[in-house]
$ cat upload_19.csv   # CSV, C-alpha atoms
chain,number,residue,atom,x,y,z
N,579,MET,CA,-236.6,105.9,223.4
N,580,SER,CA,-236.9,107.5,220.0
N,581,THR,CA,-235.5,111.0,219.5
N,582,GLY,CA,-237.8,112.2,216.7
N,583,GLU,CA,-238.6,115.9,216.4
N,584,LEU,CA,-242.3,115.4,217.1
N,585,LEU,CA,-242.8,112.3,219.3
N,586,SER,CA,-240.8,110.4,221.9
N,587,ILE,CA,-241.6,106.7,221.5
N,588,GLU,CA,-241.0,104.1,224.2
N,589,PRO,CA,-240.1,101.3,223.8
N,590,LEU,CA,-238.5,100.9,220.4
N,591,GLU,CA,-238.9,97.1,220.6
N,592,LEU,CA,-242.2,95.5,221.2
N,593,LYS,CA,-241.5,92.6,223.5
N,594,PHE,CA,-244.1,89.8,223.7
N,595,PRO,CA,-243.7,87.1,226.3
N,596,PHE,CA,-244.5,84.3,223.7
N,597,GLU,CA,-246.9,81.5,224.7
N,598,LEU,CA,-248.7,79.2,222.3
N,599,ILE,CA,-252.5,79.6,222.0
N,600,LYS,CA,-252.5,82.8,224.1
N,601,GLN,CA,-253.4,86.3,223.0
N,602,ILE,CA,-250.6,88.6,224.3
N,603,SER,CA,-250.5,92.4,224.6
N,604,CYS,CA,-247.8,95.0,225.1
N,605,SER,CA,-247.9,98.8,225.4
N,606,LEU,CA,-246.3,101.6,223.6
N,607,GLN,CA,-246.2,105.2,224.9
N,608,LEU,CA,-246.0,108.2,222.6
N,609,GLY,CA,-245.0,111.6,224.1
N,610,ASN,CA,-245.7,114.8,222.2
N,611,LYS,CA,-242.5,117.0,222.5
N,612,THR,CA,-244.0,120.0,220.8
N,613,ASP,CA,-246.6,122.7,221.4
N,614,ASP,CA,-248.6,121.5,218.4
N,615,HIS,CA,-251.1,118.7,217.9
N,616,VAL,CA,-249.4,115.7,216.4
N,617,ALA,CA,-251.3,113.0,214.4
N,618,PHE,CA,-250.0,109.5,214.3
N,619,LYS,CA,-250.6,106.3,212.4
N,620,VAL,CA,-249.3,102.8,213.2
N,621,LYS,CA,-248.7,100.2,210.4
N,622,THR,CA,-247.4,96.6,210.6
N,623,THR,CA,-245.9,94.1,208.2
N,624,ASN,CA,-248.4,91.5,209.5
N,625,PRO,CA,-251.9,93.1,210.0
N,626,LYS,CA,-253.7,89.8,210.5
N,627,LYS,CA,-251.5,88.8,213.4
N,628,TYR,CA,-251.7,92.1,215.4
N,629,CYS,CA,-254.4,94.4,216.7
N,630,VAL,CA,-253.3,98.0,217.4
N,631,ARG,CA,-255.6,100.3,219.5
N,632,PRO,CA,-255.7,103.1,218.7
N,633,ASN,CA,-253.9,102.7,215.3
N,634,THR,CA,-254.4,106.4,214.5
N,635,GLY,CA,-254.9,109.4,216.7
N,636,ILE,CA,-253.9,112.8,217.9
N,637,VAL,CA,-251.4,113.4,220.7
N,638,LEU,CA,-252.2,116.8,222.3
N,639,PRO,CA,-249.3,119.3,222.9
N,640,ARG,CA,-246.9,118.2,225.6
N,641,SER,CA,-249.0,115.1,226.5
N,642,THR,CA,-248.8,111.4,226.1
N,643,CYS,CA,-250.8,108.6,224.4
N,644,ASP,CA,-250.7,104.9,225.3
N,645,ILE,CA,-251.1,102.4,222.5
N,646,ILE,CA,-251.9,98.7,223.1
N,647,VAL,CA,-250.5,96.2,220.6
N,648,THR,CA,-252.1,92.7,220.8
N,649,MET,CA,-250.7,89.7,219.2
N,650,GLN,CA,-253.4,87.1,218.3
N,651,ALA,CA,-253.0,83.6,219.7
N,652,GLN,CA,-250.4,81.6,217.8
N,653,LYS,CA,-250.7,77.9,217.0
N,654,GLU,CA,-247.0,77.2,216.5
N,655,ALA,CA,-243.8,78.8,217.7
N,656,PRO,CA,-241.5,80.4,215.2
N,657,PRO,CA,-238.1,78.8,214.5
N,658,ASP,CA,-235.5,79.9,217.1
N,659,MET,CA,-238.2,82.2,218.6
N,660,GLN,CA,-237.2,84.9,216.1
N,661,CYS,CA,-239.8,87.3,214.7
N,662,LYS,CA,-239.4,89.3,211.5
N,663,ASP,CA,-242.6,91.4,212.0
N,664,LYS,CA,-242.1,95.1,212.2
N,665,PHE,CA,-244.2,98.2,212.9
N,666,LEU,CA,-243.9,101.6,211.4
N,667,LEU,CA,-245.1,104.6,213.4
N,668,GLN,CA,-245.7,107.8,211.3
N,669,SER,CA,-246.3,111.2,212.8
N,670,VAL,CA,-247.1,114.6,211.4
N,671,ARG,CA,-248.0,118.0,212.8
N,672,ALA,CA,-251.8,118.5,212.8
N,673,PRO,CA,-253.9,121.6,212.8
N,674,THR,CA,-254.6,123.2,216.2
N,675,GLY,CA,-257.8,121.6,217.6
N,676,ALA,CA,-257.6,118.5,215.3
N,677,THR,CA,-259.3,115.3,216.6
N,678,SER,CA,-259.0,111.7,215.5
N,679,LYS,CA,-261.9,112.3,213.1
N,680,ASP,CA,-259.8,114.8,211.2
N,681,ILE,CA,-257.0,112.3,210.3
N,682,THR,CA,-256.8,111.4,206.6
N,683,ALA,CA,-254.4,109.2,204.6
N,684,ASP,CA,-253.1,112.3,202.8
N,685,MET,CA,-251.7,113.7,206.0
N,686,PHE,CA,-249.1,110.8,206.0
N,687,ASN,CA,-248.2,111.3,202.3
N,688,LYS,CA,-244.5,112.1,202.3
N,689,GLU,CA,-244.9,114.1,199.0
N,690,VAL,CA,-247.4,116.5,200.7
N,691,GLY,CA,-245.5,117.3,203.8
N,692,HIS,CA,-242.9,116.3,206.5
N,693,VAL,CA,-243.7,112.9,207.9
N,694,GLU,CA,-241.6,111.4,210.7
N,695,GLU,CA,-241.2,107.7,210.7
N,696,CYS,CA,-240.0,105.3,213.4
N,697,LYS,CA,-239.5,101.6,212.8
N,698,LEU,CA,-240.2,99.2,215.7
N,699,ARG,CA,-239.1,95.6,215.9
N,700,VAL,CA,-241.0,92.7,217.5
N,701,VAL,CA,-239.1,90.5,219.9
N,702,TYR,CA,-240.3,87.3,221.6
N,703,VAL,CA,-239.2,86.8,225.1
N,704,SER,CA,-239.7,83.7,227.3
N,705,PRO,CA,-242.6,84.1,229.7
N,706,ARG,CA,-241.8,84.7,233.3
N,707,GLN,CA,-241.8,81.5,235.4
N,708,PRO,CA,-243.4,81.8,238.8
N,709,PRO,CA,-241.3,80.7,241.8
N,710,SER,CA,-241.7,77.1,242.8
N,711,PRO,CA,-244.5,76.7,245.3
N,712,VAL,CA,-242.4,74.1,247.3
N,713,PRO,CA,-239.5,75.4,249.2
N,714,GLU,CA,-236.2,73.7,248.4
N,715,GLY,CA,-235.3,70.8,250.7
N,716,SER,CA,-238.9,70.5,252.0
N,717,GLU,CA,-239.6,67.3,250.1
N,718,GLU,CA,-236.8,65.3,251.7
N,719,GLY,CA,-236.5,64.5,255.4
N,720,GLY,CA,-240.1,65.3,256.3
N,721,SER,CA,-241.4,68.1,258.4
N,722,PRO,CA,-241.4,68.2,262.3
N,723,ARG,CA,-244.9,69.8,262.1
N,724,GLY,CA,-246.7,66.6,261.0
N,725,SER,CA,-247.9,65.5,257.6
N,726,VAL,CA,-251.1,64.8,255.7
N,727,SER,CA,-251.9,61.1,255.4
N,728,ASP,CA,-253.7,59.3,252.6
N,729,ASN,CA,-257.1,59.8,254.3
N,730,GLY,CA,-256.8,63.5,254.1
N,731,TYR,CA,-256.1,64.2,257.8
N,732,SER,CA,-253.0,65.8,259.3
N,733,SER,CA,-251.0,64.0,261.9
N,734,GLY,CA,-248.6,65.6,264.3
N,735,PRO,CA,-248.6,67.5,267.6
N,736,GLU,CA,-251.6,69.7,268.3
N,737,THR,CA,-253.2,69.5,264.8
N,738,ALA,CA,-256.8,69.1,263.8
N,739,PRO,CA,-258.1,67.2,260.7
N,740,VAL,CA,-257.5,69.1,257.5
N,741,ALA,CA,-259.6,68.5,254.4
N,742,ARG,CA,-257.8,68.3,251.0
N,743,ALA,CA,-259.0,69.3,247.7
N,744,HIS,CA,-257.4,69.4,244.2
N,745,VAL,CA,-257.9,72.5,242.2
N,746,GLU,CA,-256.4,73.3,238.8
N,747,VAL,CA,-254.9,76.8,239.0
N,748,PRO,CA,-253.1,78.8,236.3
N,749,GLN,CA,-249.4,79.1,237.2
N,750,GLU,CA,-249.5,82.8,237.5
N,751,LYS,CA,-252.1,82.5,240.3
N,752,SER,CA,-250.6,79.6,242.2
N,753,ALA,CA,-248.8,81.6,244.9
N,754,GLU,CA,-251.9,83.6,245.6
N,755,VAL,CA,-254.1,80.5,245.7
N,756,MET,CA,-251.5,78.7,248.0
N,757,SER,CA,-251.7,81.7,250.4
N,758,TRP,CA,-255.5,81.5,250.5
N,759,SER,CA,-255.4,77.8,250.9
N,760,LEU,CA,-253.1,78.0,253.8
N,761,THR,CA,-255.3,80.7,255.4
N,762,LEU,CA,-258.3,78.5,254.9
N,763,CYS,CA,-256.6,75.5,256.5
N,764,VAL,CA,-255.6,77.6,259.5
N,765,VAL,CA,-259.1,79.0,259.9
N,766,GLN,CA,-260.7,75.5,259.6
N,767,SER,CA,-258.2,74.1,262.2
N,768,TYR,CA,-258.9,76.9,264.6
N,769,LYS,CA,-262.7,76.5,264.3
N,770,ARG,CA,-262.4,72.7,264.9
N,771,PHE,CA,-260.1,73.4,267.9
N,772,GLN,CA,-262.7,75.8,269.3
N,773,LEU,CA,-265.5,73.3,268.8
N,774,SER,CA,-263.6,70.5,270.4
N,775,SER,CA,-262.7,72.6,273.5
N,776,GLU,CA,-266.3,73.6,274.2
$ encode --input "upload_19.csv" --output "structure tokens"
Amino acid sequence: MSTGELLSIEPLELKFPFELIKQISCSLQLGNKTDDHVAFKVKTTNPKKYCVRPNTGIVLPRSTCDIIVTMQAQKEAPPDMQCKDKFLLQSVRAPTGATSKDITADMFNKEVGHVEECKLRVVYVSPRQPPSPVPEGSEEGGSPRGSVSDNGYSSGPETAPVARAHVEVPQEKSAEVMSWSLTLCVVQSYKRFQLSSE
């Protein structure tokens, strides 16, 4: 967290879980440590690569403001996953009652008044990998509860036929989909069991 006189800034490193051909966002929180209105402006060394919303604004006294920084989809990974991009967050005291519409470029001119500046680095991190959907050791030795044969039906004690389907699922949703698939299989088996016992 930054220890500037006007704003607290968290985090000081913008961490992007880098993935090719995917737009990625991270957030930045500004906290006004004063009893005054504080105007801010965010600049970057690579404006075509990033979208900052809002890139200027007013943080009300003793309140916070969230900023979303979005990195545009990248076609190639940088060497060694290193990024030289930087951001500069400038802040100044603003007149009481000021709004975003009152912000001018002159407010951030160091020759006109006191401008606080905080430099933020960009860091690429590896994207989180979801846990494996197959428990360890379940592939070898088989399961005592039966198995699904090539014709799509389950065999084993007290089991009903189970339909199989192949669905392409993004990795981050695979655990949720597996849970729903298992629930659907159980419901279908139960319904077939009810029908066969009538």
$ atom_distance --input "upload_19.csv" --atom1 "CA of Thr674 in chain N" --atom2 "CA of Thr634 in chain N"
16.9 Å
$ residues_around --input "upload_19.csv" --residues "Ser580 in chain N" --least-positions-apart "6" --cutoff "10 Å" --atoms "all atoms listed in the file" --output "JSON, numbers by chain"
{"N": [586, 587, 588, 589, 590, 608, 609, 696, 697, 698]}
$ write_last_selection --input "upload_19.csv" --atoms "C-alpha atoms" --output "mmCIF file, in the frame of the given file"
data_model
loop_
_atom_site.group_PDB
_atom_site.id
_atom_site.type_symbol
_atom_site.label_atom_id
_atom_site.label_comp_id
_atom_site.auth_asym_id
_atom_site.auth_seq_id
_atom_site.Cartn_x
_atom_site.Cartn_y
_atom_site.Cartn_z
ATOM 1 C CA SER N 586 -240.800 110.400 221.900
ATOM 2 C CA ILE N 587 -241.600 106.700 221.500
ATOM 3 C CA GLU N 588 -241.000 104.100 224.200
ATOM 4 C CA PRO N 589 -240.100 101.300 223.800
ATOM 5 C CA LEU N 590 -238.500 100.900 220.400
ATOM 6 C CA LEU N 608 -246.000 108.200 222.600
ATOM 7 C CA GLY N 609 -245.000 111.600 224.100
ATOM 8 C CA CYS N 696 -240.000 105.300 213.400
ATOM 9 C CA LYS N 697 -239.500 101.600 212.800
ATOM 10 C CA LEU N 698 -240.200 99.200 215.700
#
$ atom_distance --input "upload_19.csv" --atom1 "CA of Lys619 in chain N" --atom2 "CA of Ala672 in chain N"
12.3 Å
$ atom_distance --input "upload_19.csv" --atom1 "CA of Phe594 in chain N" --atom2 "CA of Leu667 in chain N"
18.1 Å
$ residues_around --input "upload_19.csv" --residues "Ser704 in chain N" --least-positions-apart "5" --cutoff "9 Å" --atoms "all atoms listed in the file" --output "VMD selection string"
chain N and resid 594 to 597 659
